[in-house]
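> Below is the file structure_32.csv, which contains CSV, C-alpha atoms and all ligand atoms.
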chain,number,residue,atom,x,y,z
B,1,MET,CA,57.9,81.5,91.1
B,2,LYS,CA,60.5,83.2,93.3
B,3,GLN,CA,62.9,85.4,91.3
B,4,PHE,CA,66.6,84.9,91.9
B,5,ILE,CA,68.5,87.9,93.1
B,6,TYR,CA,72.3,87.8,93.3
B,7,ALA,CA,73.7,90.3,95.8
B,8,ASP,CA,77.0,88.7,96.6
B,9,ASN,CA,79.1,90.5,94.0
B,10,ALA,CA,82.1,90.7,96.4
B,11,ALA,CA,82.3,86.9,96.3
B,12,THR,CA,82.2,86.8,92.5
B,13,THR,CA,80.4,88.4,89.6
B,14,GLN,CA,78.6,87.2,86.5
B,15,LEU,CA,80.7,87.0,83.4
B,16,SER,CA,79.9,89.9,81.1
B,17,LYS,CA,78.6,89.2,77.6
B,18,ALA,CA,81.5,91.2,76.1
B,19,ALA,CA,84.0,89.0,78.0
B,20,LEU,CA,82.3,85.8,76.8
B,21,ASP,CA,82.2,87.0,73.2
B,22,ALA,CA,85.8,88.0,73.3
B,23,MET,CA,86.8,84.6,74.7
B,24,MET,CA,85.0,82.4,72.3
B,25,PRO,CA,87.4,82.5,69.3
B,26,TRP,CA,90.3,81.5,71.5
B,27,MET,CA,88.6,78.3,72.9
B,28,LEU,CA,88.2,76.4,69.6
B,29,GLY,CA,89.8,77.9,66.5
B,30,GLU,CA,92.7,79.9,67.8
B,31,TYR,CA,94.2,77.3,70.2
B,32,GLY,CA,97.9,77.9,69.3
B,33,ASN,CA,100.6,78.2,71.9
B,34,ALA,CA,101.7,81.8,72.0
B,35,SER,CA,105.3,80.8,72.7
B,36,GLN,CA,105.7,78.9,69.4
B,37,PRO,CA,107.6,80.5,66.5
B,38,TYR,CA,105.2,79.5,63.6
B,39,SER,CA,102.6,81.7,62.0
B,40,PHE,CA,99.7,79.9,63.8
B,41,ALA,CA,101.0,81.3,67.1
B,42,ARG,CA,101.0,84.9,65.8
B,43,LYS,CA,97.4,85.7,66.7
B,44,PRO,CA,97.6,84.4,70.3
B,45,LYS,CA,101.0,86.2,70.7
B,46,LYS,CA,99.4,89.5,69.5
B,47,ALA,CA,96.4,88.9,71.7
B,48,LEU,CA,98.7,88.8,74.7
B,49,VAL,CA,100.5,92.0,73.6
B,50,ASP,CA,97.1,93.8,73.1
B,51,ALA,CA,95.7,92.5,76.4
B,52,ARG,CA,98.7,93.7,78.4
B,53,ALA,CA,98.5,97.1,76.8
B,54,ALA,CA,94.7,97.4,77.4
B,55,ILE,CA,95.0,96.4,81.1
B,56,ALA,CA,98.0,98.7,81.6
B,57,ASP,CA,95.9,101.5,80.2
B,58,CYS,CA,93.1,100.8,82.6
B,59,ILE,CA,95.4,101.4,85.7
B,60,ASN,CA,97.8,103.9,84.1
B,61,ALA,CA,100.7,101.4,84.0
B,62,GLN,CA,103.1,100.3,81.3
B,63,PRO,CA,102.3,97.1,79.4
B,64,ASP,CA,105.5,95.3,80.6
B,65,GLU,CA,104.5,96.0,84.2
B,66,ILE,CA,101.5,93.6,83.9
B,67,PHE,CA,102.1,90.0,84.8
B,68,PHE,CA,99.2,87.5,84.2
B,69,THR,CA,98.5,85.1,87.1
B,70,SER,CA,95.7,82.6,88.0
B,71,GLY,CA,93.9,85.3,90.1
B,72,GLY,CA,94.0,87.3,93.3
B,73,THR,CA,95.3,84.5,95.5
B,74,GLU,CA,98.3,83.9,93.3
B,75,SER,CA,99.1,87.6,92.9
B,76,ASP,CA,99.0,88.0,96.7
B,77,ASN,CA,101.2,85.0,97.3
B,78,TRP,CA,103.7,86.2,94.7
B,79,ALA,CA,103.9,89.8,96.2
B,80,ILE,CA,104.4,88.5,99.8
B,81,LYS,CA,106.7,85.6,99.2
B,82,GLY,CA,108.5,87.2,96.2
B,83,SER,CA,109.4,90.3,98.2
B,84,ALA,CA,110.5,88.4,101.4
B,85,PHE,CA,112.8,86.1,99.4
B,86,SER,CA,114.4,88.8,97.4
B,87,ASP,CA,116.5,90.7,99.9
B,88,ALA,CA,118.6,89.0,102.5
B,89,GLN,CA,119.2,92.3,104.4
B,90,LYS,CA,115.7,93.5,104.7
B,91,ARG,CA,113.5,90.6,105.8
B,92,ALA,CA,110.5,92.1,107.6
B,93,THR,CA,107.0,92.4,106.2
B,94,ILE,CA,104.2,94.6,107.5
B,95,THR,CA,100.6,93.9,106.7
B,96,THR,CA,97.2,94.3,108.5
B,97,ALA,CA,95.1,92.1,110.6
B,98,PHE,CA,92.1,92.3,108.3
B,99,GLU,CA,93.6,91.3,105.0
B,100,HIS,CA,92.1,88.5,102.9
B,101,HIS,CA,93.4,85.1,103.8
B,102,ALA,CA,95.4,85.1,100.5
B,103,ILE,CA,97.7,87.7,102.2
B,104,LEU,CA,97.4,86.5,105.8
B,105,HIS,CA,98.2,82.8,105.0
B,106,SER,CA,101.1,83.8,102.8
B,107,CYS,CA,102.4,85.9,105.7
B,108,TYR,CA,102.0,82.9,108.1
B,109,ALA,CA,104.0,80.8,105.6
B,110,ILE,CA,106.9,83.2,105.5
B,111,GLU,CA,106.8,83.6,109.3
B,112,ARG,CA,107.3,79.8,109.5
B,113,LEU,CA,110.4,80.2,107.4
B,114,GLY,CA,111.7,82.8,109.9
B,115,TYR,CA,110.7,86.0,108.2
B,116,PRO,CA,109.2,88.5,110.7
B,117,VAL,CA,105.7,89.9,110.0
B,118,ALA,CA,103.8,92.6,111.9
B,119,TYR,CA,100.0,92.9,111.6
B,120,LEU,CA,98.6,96.4,111.9
B,121,SER,CA,95.2,97.0,113.6
B,122,PRO,CA,92.6,99.0,111.7
B,123,THR,CA,90.5,101.6,113.5
B,124,GLU,CA,86.9,100.8,114.5
B,125,ALA,CA,85.9,102.4,111.2
B,126,GLY,CA,88.1,100.0,109.3
B,127,LEU,CA,91.0,102.3,108.4
B,128,ILE,CA,94.7,101.8,108.6
B,129,THR,CA,96.4,105.0,109.6
B,130,THR,CA,99.8,106.3,108.6
B,131,LYS,CA,100.4,106.9,112.3
B,132,GLU,CA,99.9,103.2,113.0
B,133,LEU,CA,102.3,102.2,110.2
B,134,GLN,CA,104.9,104.8,111.4
B,135,THR,CA,105.0,103.0,114.8
B,136,VAL,CA,106.0,99.7,113.3
B,137,ILE,CA,108.1,100.4,110.2
B,138,SER,CA,111.8,100.3,110.3
B,139,ASP,CA,114.8,100.2,107.9
B,140,THR,CA,114.6,96.4,108.0
B,141,THR,CA,111.1,96.4,106.4
B,142,ARG,CA,111.2,94.9,103.0
B,143,LEU,CA,107.5,95.1,102.2
B,144,VAL,CA,104.3,96.9,103.4
B,145,SER,CA,101.2,95.2,102.0
B,146,ILE,CA,97.8,96.9,102.7
B,147,MET,CA,94.6,96.1,100.9
B,148,TYR,CA,93.0,98.8,98.8
B,149,ALA,CA,89.6,98.1,100.1
B,150,ASN,CA,88.4,95.5,102.6
B,151,ASN,CA,86.3,92.7,101.1
B,152,GLU,CA,83.9,92.4,104.1
B,153,ILE,CA,83.3,95.9,105.1
B,154,GLY,CA,84.4,97.8,102.0
B,155,SER,CA,86.5,100.5,103.7
B,156,ILE,CA,88.9,102.1,101.3
B,157,GLN,CA,92.4,102.8,102.7
B,158,PRO,CA,94.6,105.9,102.3
B,159,ILE,CA,97.0,104.0,100.0
B,160,LYS,CA,98.9,107.0,98.6
B,161,GLU,CA,99.8,108.2,102.1
B,162,LEU,CA,100.6,104.7,103.4
B,163,CYS,CA,102.8,104.1,100.4
B,164,GLU,CA,104.7,107.3,101.0
B,165,VAL,CA,105.5,106.1,104.6
B,166,ALA,CA,106.8,102.8,103.2
B,167,HIS,CA,109.0,104.5,100.6
B,168,SER,CA,110.4,106.9,103.1
B,169,HIS,CA,111.9,103.8,104.9
B,170,GLY,CA,113.1,102.2,101.7
B,171,ALA,CA,110.4,99.5,101.8
B,172,LEU,CA,108.3,98.2,98.8
B,173,PHE,CA,104.5,98.8,98.9
B,174,HIS,CA,101.9,96.2,97.7
B,175,THR,CA,98.2,96.6,97.7
B,176,ASP,CA,95.6,93.8,97.3
B,177,ALA,CA,93.2,95.7,95.1
B,178,VAL,CA,91.1,92.6,94.2
B,179,GLN,CA,87.9,94.2,95.4
B,180,ALA,CA,88.6,97.6,93.8
B,181,VAL,CA,89.9,97.1,90.3
B,182,GLY,CA,87.1,97.5,87.8
B,183,HIS,CA,84.9,99.2,90.5
B,184,VAL,CA,86.7,102.4,91.4
B,185,LYS,CA,89.3,104.4,89.4
B,186,ILE,CA,92.8,103.0,90.0
B,187,ASP,CA,95.9,104.9,88.9
B,188,VAL,CA,99.1,103.2,89.9
B,189,GLN,CA,101.2,106.4,89.2
B,190,GLU,CA,99.0,108.5,91.4
B,191,LEU,CA,99.0,105.9,94.2
B,192,GLY,CA,102.8,105.3,93.9
B,193,VAL,CA,102.4,101.5,94.7
B,194,ASP,CA,105.1,99.1,93.6
B,195,MET,CA,102.8,96.1,93.2
B,196,LEU,CA,99.0,95.7,92.9
B,197,SER,CA,96.9,92.5,92.8
B,198,ALA,CA,93.7,92.1,90.7
B,199,SER,CA,91.3,89.2,89.9
B,200,ALA,CA,89.1,89.1,86.8
B,201,HIS,CA,86.1,87.3,88.4
B,202,LYS,CA,85.5,90.2,90.7
B,203,PHE,CA,84.9,92.6,87.8
B,204,ASN,CA,82.7,90.4,85.5
B,205,GLY,CA,85.6,88.6,83.9
B,206,PRO,CA,86.3,84.8,84.0
B,207,LYS,CA,87.4,82.9,87.1
B,208,GLY,CA,91.0,81.6,87.5
B,209,ILE,CA,92.7,84.6,85.9
B,210,GLY,CA,94.2,87.9,87.3
B,211,PHE,CA,97.3,90.0,87.2
B,212,LEU,CA,100.0,91.4,89.4
B,213,TYR,CA,101.2,94.9,88.5
B,214,ILE,CA,104.9,95.1,89.2
B,215,ARG,CA,106.5,98.6,88.8
B,216,LYS,CA,109.5,98.6,86.5
B,217,GLY,CA,112.7,98.3,88.5
B,218,THR,CA,111.1,96.4,91.4
B,219,THR,CA,113.1,93.3,92.3
B,220,ILE,CA,111.0,90.4,93.5
B,221,SER,CA,111.7,86.7,93.2
B,222,SER,CA,110.0,84.8,90.4
B,223,TYR,CA,106.8,82.9,91.4
B,224,LEU,CA,106.6,79.8,89.1
B,225,ASP,CA,109.8,78.3,87.6
B,226,GLY,CA,109.6,76.7,84.2
B,227,GLY,CA,109.3,78.2,80.8
B,228,ALA,CA,110.0,81.7,79.7
B,229,GLN,CA,106.5,83.1,79.9
B,230,GLU,CA,105.9,86.4,81.7
B,231,LYS,CA,109.5,87.3,81.2
B,232,SER,CA,110.5,84.1,83.0
B,233,HIS,CA,108.9,85.3,86.3
B,234,ARG,CA,105.7,83.3,86.1
B,235,ALA,CA,106.1,80.2,83.9
B,236,GLY,CA,103.2,78.3,82.3
B,237,THR,CA,101.4,78.4,79.0
B,238,GLU,CA,99.2,81.4,79.0
B,239,ASN,CA,95.4,81.0,79.1
B,240,ILE,CA,94.7,83.3,76.2
B,241,ALA,CA,90.9,83.0,76.3
B,242,ALA,CA,90.8,83.9,80.0
B,243,ILE,CA,93.3,86.8,79.5
B,244,VAL,CA,91.3,88.2,76.6
B,245,GLY,CA,88.0,87.8,78.6
B,246,MET,CA,89.6,89.6,81.6
B,247,THR,CA,90.7,92.4,79.3
B,248,ALA,CA,87.3,92.8,77.7
B,249,ALA,CA,85.6,92.9,81.1
B,250,LEU,CA,88.0,95.4,82.6
B,251,THR,CA,87.9,97.7,79.6
B,252,GLU,CA,84.1,97.6,79.7
B,253,ASN,CA,83.9,98.4,83.4
B,254,CYS,CA,86.5,101.1,83.2
B,255,LYS,CA,84.6,102.8,80.4
B,256,ALA,CA,81.4,102.9,82.3
B,257,MET,CA,83.0,103.5,85.7
B,258,ASP,CA,81.4,106.9,86.6
B,259,GLU,CA,77.9,105.6,85.6
B,260,TYR,CA,78.4,102.4,87.5
B,261,ILE,CA,79.6,104.2,90.7
B,262,ASP,CA,76.6,106.6,90.6
B,263,LYS,CA,74.2,103.7,90.2
B,264,ALA,CA,75.8,101.6,93.0
B,265,TYR,CA,75.6,104.5,95.5
B,266,ARG,CA,72.0,105.2,94.5
B,267,LEU,CA,71.0,101.6,95.1
B,268,GLU,CA,72.9,101.6,98.4
B,269,LYS,CA,71.0,104.7,99.5
B,270,ARG,CA,67.6,103.2,98.4
B,271,LEU,CA,68.4,100.1,100.5
B,272,LEU,CA,69.4,102.0,103.6
B,273,ASP,CA,66.4,104.4,103.2
B,274,GLY,CA,64.1,101.4,102.9
B,275,LEU,CA,65.3,99.8,106.1
B,276,ARG,CA,65.1,103.1,108.0
B,277,ALA,CA,61.5,103.7,106.7
B,278,ALA,CA,60.6,100.3,108.1
B,279,HIS,CA,62.1,101.3,111.5
B,280,ILE,CA,64.7,98.4,111.3
B,281,SER,CA,67.5,98.9,113.9
B,282,PHE,CA,70.9,98.4,112.3
B,283,SER,CA,74.3,99.9,112.0
B,284,GLY,CA,76.7,100.1,109.1
B,285,ASN,CA,80.4,99.1,109.2
B,286,GLY,CA,83.4,100.4,107.3
B,287,GLY,CA,83.1,104.2,107.8
B,288,ASP,CA,82.3,106.8,105.3
B,289,ASN,CA,84.5,105.9,102.3
B,290,THR,CA,83.5,102.4,101.2
B,291,LEU,CA,83.4,100.5,97.9
B,292,PRO,CA,80.3,101.4,95.8
B,293,GLY,CA,77.6,98.8,96.3
B,294,LEU,CA,79.2,97.0,99.3
B,295,LEU,CA,77.2,97.2,102.5
B,296,SER,CA,78.2,95.6,105.8
B,297,LEU,CA,75.2,95.8,108.1
B,298,SER,CA,74.8,94.7,111.7
B,299,PHE,CA,71.4,93.9,113.1
B,300,PRO,CA,71.7,94.0,117.0
B,301,GLY,CA,70.7,90.6,118.6
B,302,ALA,CA,70.2,88.9,115.2
B,303,ASP,CA,72.0,85.9,113.8
B,304,GLY,CA,73.8,86.7,110.5
B,305,GLU,CA,73.9,83.0,109.5
B,306,ALA,CA,70.2,82.6,110.0
B,307,ILE,CA,69.5,85.8,108.0
B,308,LEU,CA,71.6,84.4,105.2
B,309,HIS,CA,69.7,81.1,105.1
B,310,ARG,CA,66.3,82.8,105.3
B,311,MET,CA,67.3,85.2,102.5
B,312,ASP,CA,68.4,82.2,100.5
B,313,LEU,CA,65.0,80.7,100.9
B,314,SER,CA,63.6,83.9,99.4
B,315,GLY,CA,65.9,83.4,96.4
B,316,ILE,CA,68.4,86.1,97.5
B,317,CYS,CA,72.2,85.5,97.8
B,318,ILE,CA,74.1,87.6,100.4
B,319,SER,CA,76.9,86.7,102.8
B,320,THR,CA,77.7,87.1,106.5
B,321,GLY,CA,80.5,88.3,108.7
B,322,SER,CA,80.5,85.2,110.7
B,323,ALA,CA,80.7,81.4,110.1
B,324,CYS,CA,78.7,79.0,112.1
B,325,ASN,CA,79.4,75.5,113.2
B,326,SER,CA,77.2,73.4,115.4
B,327,GLU,CA,78.8,74.6,118.7
B,328,SER,CA,79.5,78.3,118.1
B,329,THR,CA,79.3,81.2,115.7
B,330,GLU,CA,82.8,82.3,114.8
B,331,ILE,CA,83.1,86.0,114.2
B,332,SER,CA,85.2,86.8,111.1
B,333,HIS,CA,88.8,88.0,111.6
B,334,VAL,CA,87.7,91.3,109.9
B,335,LEU,CA,84.9,92.1,112.4
B,336,GLN,CA,87.3,91.0,115.2
B,337,ALA,CA,90.0,93.4,113.9
B,338,ILE,CA,87.6,96.4,113.9
B,339,ARG,CA,86.6,95.3,117.4
B,340,LEU,CA,82.9,95.2,116.6
B,341,GLU,CA,80.9,94.3,119.7
B,342,GLU,CA,79.8,90.6,119.7
B,343,SER,CA,76.1,91.1,119.6
B,344,LEU,CA,76.5,93.3,116.5
B,345,ALA,CA,79.2,91.1,114.9
B,346,LYS,CA,77.0,88.0,115.2
B,347,GLY,CA,74.2,89.8,113.4
B,348,THR,CA,76.3,91.1,110.5
B,349,ILE,CA,75.6,90.5,106.8
B,350,ARG,CA,77.3,91.7,103.7
B,351,ILE,CA,75.2,92.8,100.7
B,352,ALA,CA,77.3,93.4,97.6
B,353,LEU,CA,75.3,95.0,94.8
B,354,GLY,CA,76.7,94.8,91.3
B,355,LYS,CA,76.1,96.3,87.9
B,356,ASN,CA,73.3,93.8,87.2
B,357,ASN,CA,71.2,94.7,90.2
B,358,SER,CA,68.2,96.9,89.8
B,359,GLU,CA,66.0,99.1,92.0
B,360,ASP,CA,63.5,96.3,92.0
B,361,ASP,CA,66.1,93.9,93.4
B,362,VAL,CA,66.9,96.4,96.2
B,363,ASP,CA,63.2,96.7,97.1
B,364,ARG,CA,62.9,92.9,97.3
B,365,ILE,CA,66.0,92.7,99.5
B,366,VAL,CA,64.5,95.3,101.8
B,367,GLN,CA,61.2,93.5,102.0
B,368,ALA,CA,62.9,90.2,102.8
B,369,LEU,CA,65.1,91.8,105.5
B,370,VAL,CA,62.1,93.5,107.1
B,371,ARG,CA,60.3,90.2,107.2
B,372,ILE,CA,63.3,88.5,108.7
B,373,VAL,CA,64.7,91.0,111.2
B,374,GLY,CA,61.7,93.3,111.7
B,401,LIG,N1,92.0,89.4,97.9
B,401,LIG,C1,90.7,89.8,98.2
B,401,LIG,C2,90.6,91.1,98.9
B,401,LIG,C3,89.6,89.1,97.9
B,401,LIG,O1,88.4,89.5,98.2
B,401,LIG,C4,89.8,87.8,97.2
B,401,LIG,C5,88.6,87.0,96.9
B,401,LIG,O2,87.6,87.0,97.6
B,401,LIG,C6,91.1,87.4,96.9
B,401,LIG,C7,92.1,88.2,97.3
B,401,LIG,C8,91.3,86.1,96.2
B,401,LIG,O3,91.1,86.2,94.8
B,401,LIG,P1,90.8,85.0,93.9
B,401,LIG,O4,89.5,84.4,94.2
B,401,LIG,O5,91.0,85.5,92.5
B,401,LIG,O6,91.9,84.0,94.2
Kindly return the structure encoded in the file as structure tokens.
Ligand code: PLP


Amino acid sequence: MKQFIYADNAATTQLSKAALDAMMPWMLGEYGNASQPYSFARKPKKALVDARAAIADCINAQPDEIFFTSGGTESDNWAIKGSAFSDAQKRATITTAFEHHAILHSCYAIERLGYPVAYLSPTEAGLITTKELQTVISDTTRLVSIMYANNEIGSIQPIKELCEVAHSHGALFHTDAVQAVGHVKIDVQELGVDMLSASAHKFNGPKGIGFLYIRKGTTISSYLDGGAQEKSHRAGTENIAAIVGMTAALTENCKAMDEYIDKAYRLEKRLLDGLRAAHISFSGNGGDNTLPGLLSLSFPGADGEAILHRMDLSGICISTGSACNSESTEISHVLQAIRLEESLAKGTIRIALGKNNSEDDVDRIVQALVRIVG
């Protein structure tokens, strides 16, 4: 029987046992609405307070700087739209050409409303430089939004330095850290960011829950109008089970962070060494400083989509950097942004190893790849 190997942890991750256990009591017994004044609401109310404090602790923030959302997409929409709509004098946004669509499509939406947006180009190694930002930023810039790490190629951006440039022009700085939170150490004080997006299902928490960190004193428009939840900035009855599950997952990952990072880089090296030992021709994307476990590999002349399907037949989940339709293979906007040559872009796959992967998984991934592209 073929054994299933999940190596697409940048798409989503398996819920951790700790997260599931933490969620269970809130699904059936403790179903009270945290906004109600009676004693049955006391426990969910306290769960919210504790969750906010624990999450804040993981990223070195204050509890009242954590706003619960439905995930990365909502956090990104809120940061982009909430910033644009909050200052009539400073209306311009700067982002990058290789952001996730949650940012790009939010930017297209504000552009349609007449707000100017500039899209910075990354280098071929997948980096946004301070020099590039300096050429575009002005005193009319309201927000600079640059992702912490790219979801397709894993390149980690110089956020602290980019943030300093934004602040020197009186602009706010947001980072989409959806791929990074729970995987690398995040310290919002050290980075200096005003806003940061995170999503639980990327760090072994449940789907449909995330948060937006908003530094105290940052003025952005509310996202959802309604009740007084999240200090009246994001209305809607809180999903306590999901919030508690997210908190358990993040706390667990942050505690084991160093160990996890060591393991992920060890597995990456094993995979690359395995391909080299089999004399497979390939190149890696995203430069030298990438997310632990995330590999974007290009096999010259190969078809990434075909590799994905053949890996699937071997019971292995990975993803590609291109999307096929019957007429053409479309190269992803990320690979286009780093100007990867077409024959490499078409043969690009993403392998995203997670904390549940083993050396044996990696060896089987290598064997399958050697069979397919060798
Ligand atoms: N931002 C990045 C960088 C992502 O990788 C993703 C998901 O793939 C998102 C935002 C969207 O997050 P969610 O799935 O929680 O809406």

> Which residue is closest to ligand LIG 401 (chain B)? Choose from B:Leu267, B:Ala10, B:Ala19, B:Val49 and count all atoms listed in the file.

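Ranked by minimum distance to ligand LIG 401 (chain B), first place goes to B:Ala10.
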
> Quick one: residues within 8 Å of ligand LIG 401 (chain B), with all atoms listed in the file, as a PyMOL selection string?

chain B and resi 10-12+70-74+76+99-103+147+149-152+176-179+197-202+207-210

> Any idea what the distance is between CA of Ile280 in chain B and CA of Arg339 in chain B?

22.9 Å

> Interatomic distance between CA of Ala92 in chain B and CA of Leu172 in chain B?

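Atom-to-atom, CA of Ala92 in chain B to CA of Leu172 in chain B, that is 10.9 Å.
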
> When you draw a straight line from CA of Ser343 in chain B to CA of Ser298 in chain B, how long is it in Å?

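So the two atoms, CA of Ser343 in chain B and CA of Ser298 in chain B, lie 8.8 Å apart.
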
> Write out, as a tab-separated table, each residue of range 201-294 of chain B that has an atom at most 7 Å from range 352-366 of chain B, together with the closest pair of atoms and their distance in Å to one decimal, counting all atoms listed in the file, rows going by chain and rising number.


residue	atom	partner	partner_atom	distance
B:Tyr260	CA	B:Lys355	CA	6.5
B:Ala264	CA	B:Leu353	CA	6.9
B:Leu267	CA	B:Glu359	CA	6.4
B:Leu271	CA	B:Val362	CA	5.9
B:Gly274	CA	B:Val366	CA	6.2
B:Leu275	CA	B:Val366	CA	6.3
B:Gly293	CA	B:Leu353	CA	4.7
B:Leu294	CA	B:Ala352	CA	4.4

> May I ask which of the residues B:Pro292, B:Asn33, B:Asp64, B:Phe203 is the closest one to Gly217 in chain B, counting only C-alpha atoms?

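Counting only C-alpha atoms, the residue closest to Gly217 in chain B is B:Asp64.
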